[in-house]
Each structure stands twice: as structure tokens, then as C-alpha cells.
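Some notes on the structure that comes next.
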Amino acid sequence: MVLDQGVFDAFIESLVVENGASENTVSAYRRDYSHFAQFCQNNGISNVDPHVLRQYLAYMHAENLSARTQARRMSALKQYFRYLIARDVLKKDPMQDIAMPKLPRSLPKALTKEEVKSLLAAQECDAPESIRARAILETLYATGLRVSELIKLKTTDLQDGERRTLRITGKGSKTRMVPLGKMATDVLEMYIRKSRPIFDKKKTDWLFPSRSGRPLTRQRLFQIVREAGQKVGMDLSPHHLRHTFATHLLENDADLRSVQLMLGHADVATTQIYTHVLESRARKVLETSHPLGKDAKLGNK
């Protein structure tokens, strides 16, 4: 029953209906489940238990799959097993005593303030593509949006008021409001006035439409950001700008809870990957302000 395709399809449907899972999430779950199901089929396995899961981990390790890929696949299975337990298909979680692959702690890569200035300045051109690229970069840096959130933006999500804000629909269809700074607002308004009509041949309400009348694809967005970075010799992705947004906020004394809300993290623990910024700042304060932190002996004047 665990390896029944119909049961798994019902699980996927529940992810979409109950959790608002995106197409990318659904595709990832399907790939991970198919990989495990194929492993079981190749080895004549019909009953999943902890021993089988340890075999599967050993198989992935022998295939030289990264710890991150192994962890993601095991996490997908864990979610599936929880679904089966909740519906009394399983009585006990076979993952209960399985040690998950350990992931190396990776700190987010962030641009320096000088690199951001250089990147944005390199896009200053009247060509429609350059104006759009500048608007995308400014929006990513000013709001910390995920790729999936940016491509789903509509013109109606740009809220008027005393100050401009963006209404963002994030994971689980949860919405949040993120303020826009003056520079990002000015660039977006210029893009909407000068550049967007050239791409919006189908008269849609997507903020960043393609000429086909659909929103930009993830692949196209990555390409636009990568090409913008190449102008200044950077290997750049949208994720770098999301990390830079959070890092620069914390460097300028924003509290972790506010950053969590703007990034759309459901749990502050996810945001705590950025605490290395706070630790670095605390160390600098100690070294410059505390007698024991200075390169001098106590008692010397």
C-alpha cells in the first residue's frame, strides 16, 4: 500500500489542496518518490521498513548523491509516511529511528553594498530589456522575494498609499506586505511606463509578462539576472539578491523577527541562518569596545 501510485497521487492532491503546494514542490515530490519506488522495484521490495530505508540511504551514498539530495529525498518520504499514518494506512513511522544525512552548514552568499551599486549602475540604459532587468534587480534586492513570488506578481500587487508596498503571495498561498524603498519604486514606475507595454502584447496584468502573455518563466528570470551579473563580472542568481537583502537589513540593525516576516519564513528558525551576520557584528563590537577585545594589555594606558 505504501508504494501504491494511487495512494501517492492522493497525497500529492492533499499537498496542493491543504498546503497550497506549488508546481515546483509537486514535481520535486514526484521525482523523489519515483526514485525510491524504482529502487524498491529493482530490488524486489514490497514492504517498507527501517531496514529498507537504510538500504536506500546506502544506495544513494554509493551513487555519490550529495548529502543535500539524500536529505531532500528522505524528507519527501517522511512527509509521505506522515500522511499515511494520519490516514491509518501505516501504524508506525518507518523513518522514526532513521538518522537523516548531515548537511554542511552553508552561509548565504551576499553581495557587498559596493557590488550592489555597481550591479545596478551597469543596467542604466534606455533599452526596454535593460529597464526590465534593472526593475527585476531592484525588486529582488528591495524585497527579498523568492523567484516563484516575483514571477507571480501582478500589477495590482503594487499597492498605492503614502508609500508603495508589494502584496506578495508566498508559500501556502499566504500573503504578506513588504514596503518598497524610493529607488525601487522609481525604477518600477519607469519600467511600467516605458518598458512593460513593449513586453505586454497580450494586455495581461502580470507585472513581468513575457511576450506570450504569460509571466516570465523561472528559467528566463534566472537568465536575465545571470546576464545582468555578467556585465560586472559576477556569477549572479536571484537567490544571491534575496540573501543580500536579508544580510544588509541585519547589518543595519534590523531585528530577526522583522526580517523573518519580510522573507516570508513560517519559522524564525529558518531565518536564523543569517545570524552569522549578527555574530560578526557582535565580535566587531567586542574587539573595538571591550578592553579585553583590544590588542592591548589591561592596565596599559
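Residue numbering restarts at 1 for every chain of the C-alpha cells, chains are lettered A, B, ... in their displayed order, and ligands are numbered from 1 as they appear.
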Using only C-alpha atoms, which protein or nucleic acid residues come within 8 Å of range 221-234 of chain A? Drop anything in the same chain fewer than 6 positions from it, and give the result as a short mmCIF file (atom, residue, chain, number, x, y, z; two decimals) with C-alpha atoms, in the first residue's frame.
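The resulting around_5.cif:
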```
data_model
loop_
_atom_site.label_atom_id
_atom_site.label_comp_id
_atom_site.auth_asym_id
_atom_site.auth_seq_id
_atom_site.Cartn_x
_atom_site.Cartn_y
_atom_site.Cartn_z
CA SER A 118 27.99 48.51 -9.39
CA LEU A 119 25.44 45.89 -10.48
CA ALA A 122 25.54 48.64 -15.08
CA GLN A 123 21.87 48.27 -16.05
CA ALA A 133 16.42 43.90 -15.83
CA ILE A 136 13.80 42.99 -11.53
CA LEU A 137 17.11 43.50 -9.71
CA VAL A 147 11.79 33.57 -7.67
CA ILE A 151 7.15 35.86 -11.43
#
```
- Counting only C-alpha atoms, what is within 12 Å of range 169-181 of chain A, bar same-chain residues fewer than 4 positions away, as a PyMOL selection string? chain A and resi 15-25+138-154+157-165+185-189+258-266
- Task: Grab the CA of Arg214 in chain A to CA of Ala28 in chain A distance for me, in Å with one decimal place.
- Result: 22.7 Å
- Message: I'd like the neighbourhood of range 78-92 of chain A as a ChimeraX atom specification, where a residue qualifies if any of its atoms comes within 8 Å (using only C-alpha atoms), though same-chain residues fewer than 2 positions away should be ignored.
- Response: /A:1-2,8,11,74-76,94-95
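The space between CA of Lys194 in chain A and CA of Glu124 in chain A spans 13.6 Å.
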- Would you give me, as an MDAnalysis selection string, the residues in range 65-249 of chain A that DSSP reads as helix (DSSP H, G or I)? chainID A and resid 67:86 113:121 128:143 147:151 155:157 171:173 182:199 218:230 238:249
Include C-alpha atoms and write out the residues we just selected as a compact mmCIF listing (two decimals), in the first residue's frame.
```txt
# COMPACT_ATOMS: atom_id res chain seq x y z
CA ALA A 67 24.03 14.91 1.23
CA ARG A 68 21.56 17.64 0.30
CA THR A 69 19.88 15.46 -2.35
CA GLN A 70 19.77 12.50 0.04
CA ALA A 71 18.25 14.64 2.79
CA ARG A 72 15.65 16.10 0.42
CA ARG A 73 14.54 12.66 -0.79
CA MET A 74 14.32 11.28 2.72
CA SER A 75 12.38 14.35 3.83
CA ALA A 76 9.88 13.82 0.99
CA LEU A 77 9.39 10.21 2.10
CA LYS A 78 8.96 11.33 5.71
CA GLN A 79 6.14 13.68 4.71
CA TYR A 80 4.51 10.90 2.72
CA PHE A 81 4.72 8.46 5.65
CA ARG A 82 3.17 11.05 7.97
CA TYR A 83 0.28 11.35 5.53
CA LEU A 84 -0.18 7.55 5.59
CA ILE A 85 -0.10 7.45 9.38
CA ALA A 86 -2.67 10.24 9.65
CA LYS A 113 26.98 47.30 -0.85
CA GLU A 114 29.58 48.40 -3.40
CA GLU A 115 28.84 45.36 -5.57
CA VAL A 116 25.11 46.12 -5.46
CA LYS A 117 25.75 49.72 -6.56
CA SER A 118 27.99 48.51 -9.39
CA LEU A 119 25.44 45.89 -10.48
CA LEU A 120 22.54 48.34 -10.61
CA ALA A 121 24.57 51.07 -12.30
CA PRO A 128 13.47 48.02 -22.75
CA GLU A 129 15.38 44.88 -21.75
CA SER A 130 17.78 46.89 -19.58
CA ILE A 131 14.96 48.78 -17.88
CA ARG A 132 13.21 45.47 -17.14
CA ALA A 133 16.42 43.90 -15.83
CA ARG A 134 17.01 46.91 -13.57
CA ALA A 135 13.41 46.71 -12.28
CA ILE A 136 13.80 42.99 -11.53
CA LEU A 137 17.11 43.50 -9.71
CA GLU A 138 15.78 46.45 -7.72
CA THR A 139 12.67 44.49 -6.71
CA LEU A 140 14.64 41.42 -5.63
CA TYR A 141 17.12 43.49 -3.64
CA ALA A 142 14.44 45.73 -2.10
CA THR A 143 12.08 42.94 -1.02
CA VAL A 147 11.79 33.57 -7.67
CA SER A 148 8.35 31.95 -7.59
CA GLU A 149 6.94 35.01 -5.83
CA LEU A 150 8.38 37.53 -8.24
CA ILE A 151 7.15 35.86 -11.43
CA THR A 155 0.28 44.99 -11.40
CA THR A 156 -2.48 45.05 -8.76
CA ASP A 157 0.03 43.75 -6.20
CA LYS A 171 4.27 29.51 0.09
CA GLY A 172 0.94 28.00 1.08
CA SER A 173 -0.81 30.92 -0.66
CA LYS A 182 12.08 55.12 -3.06
CA MET A 183 14.69 53.85 -5.53
CA ALA A 184 12.87 50.58 -6.18
CA THR A 185 9.57 52.46 -6.51
CA ASP A 186 11.03 54.93 -9.03
CA VAL A 187 12.59 52.18 -11.14
CA LEU A 188 9.40 50.09 -11.13
CA GLU A 189 7.31 53.08 -12.16
CA MET A 190 9.71 53.82 -15.02
CA TYR A 191 9.57 50.17 -16.09
CA ILE A 192 5.75 50.15 -16.03
CA ARG A 193 5.62 53.37 -18.03
CA LYS A 194 8.36 52.77 -20.60
CA SER A 195 9.22 49.10 -20.86
CA ARG A 196 6.37 46.88 -19.71
CA PRO A 197 3.97 47.85 -22.59
CA ILE A 198 6.54 46.56 -25.09
CA PHE A 199 6.51 43.08 -23.49
CA ARG A 218 11.86 30.69 -13.74
CA GLN A 219 14.45 29.84 -16.37
CA ARG A 220 14.06 33.18 -18.13
CA LEU A 221 14.25 35.09 -14.86
CA PHE A 222 17.47 33.28 -13.89
CA GLN A 223 18.85 34.10 -17.34
CA ILE A 224 18.03 37.81 -17.01
CA VAL A 225 19.68 38.01 -13.59
CA ARG A 226 22.70 36.00 -14.71
CA GLU A 227 23.24 38.21 -17.77
CA ALA A 228 22.93 41.32 -15.60
CA GLY A 229 25.63 39.96 -13.31
CA GLN A 230 27.93 39.11 -16.20
CA PRO A 238 18.13 35.66 -7.75
CA HIS A 239 18.94 33.82 -4.53
CA HIS A 240 22.07 35.96 -4.07
CA LEU A 241 19.88 39.06 -4.04
CA ARG A 242 17.45 37.51 -1.53
CA HIS A 243 20.38 36.69 0.75
CA THR A 244 21.84 40.14 0.22
CA PHE A 245 18.53 41.75 1.17
CA ALA A 246 18.44 39.88 4.49
CA THR A 247 22.13 40.36 5.23
CA HIS A 248 22.08 44.10 4.63
CA LEU A 249 18.99 44.52 6.81
```
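Note that the spacing between CA of Gln38 in chain A and CA of Leu3 in chain A amounts to 10.0 Å.
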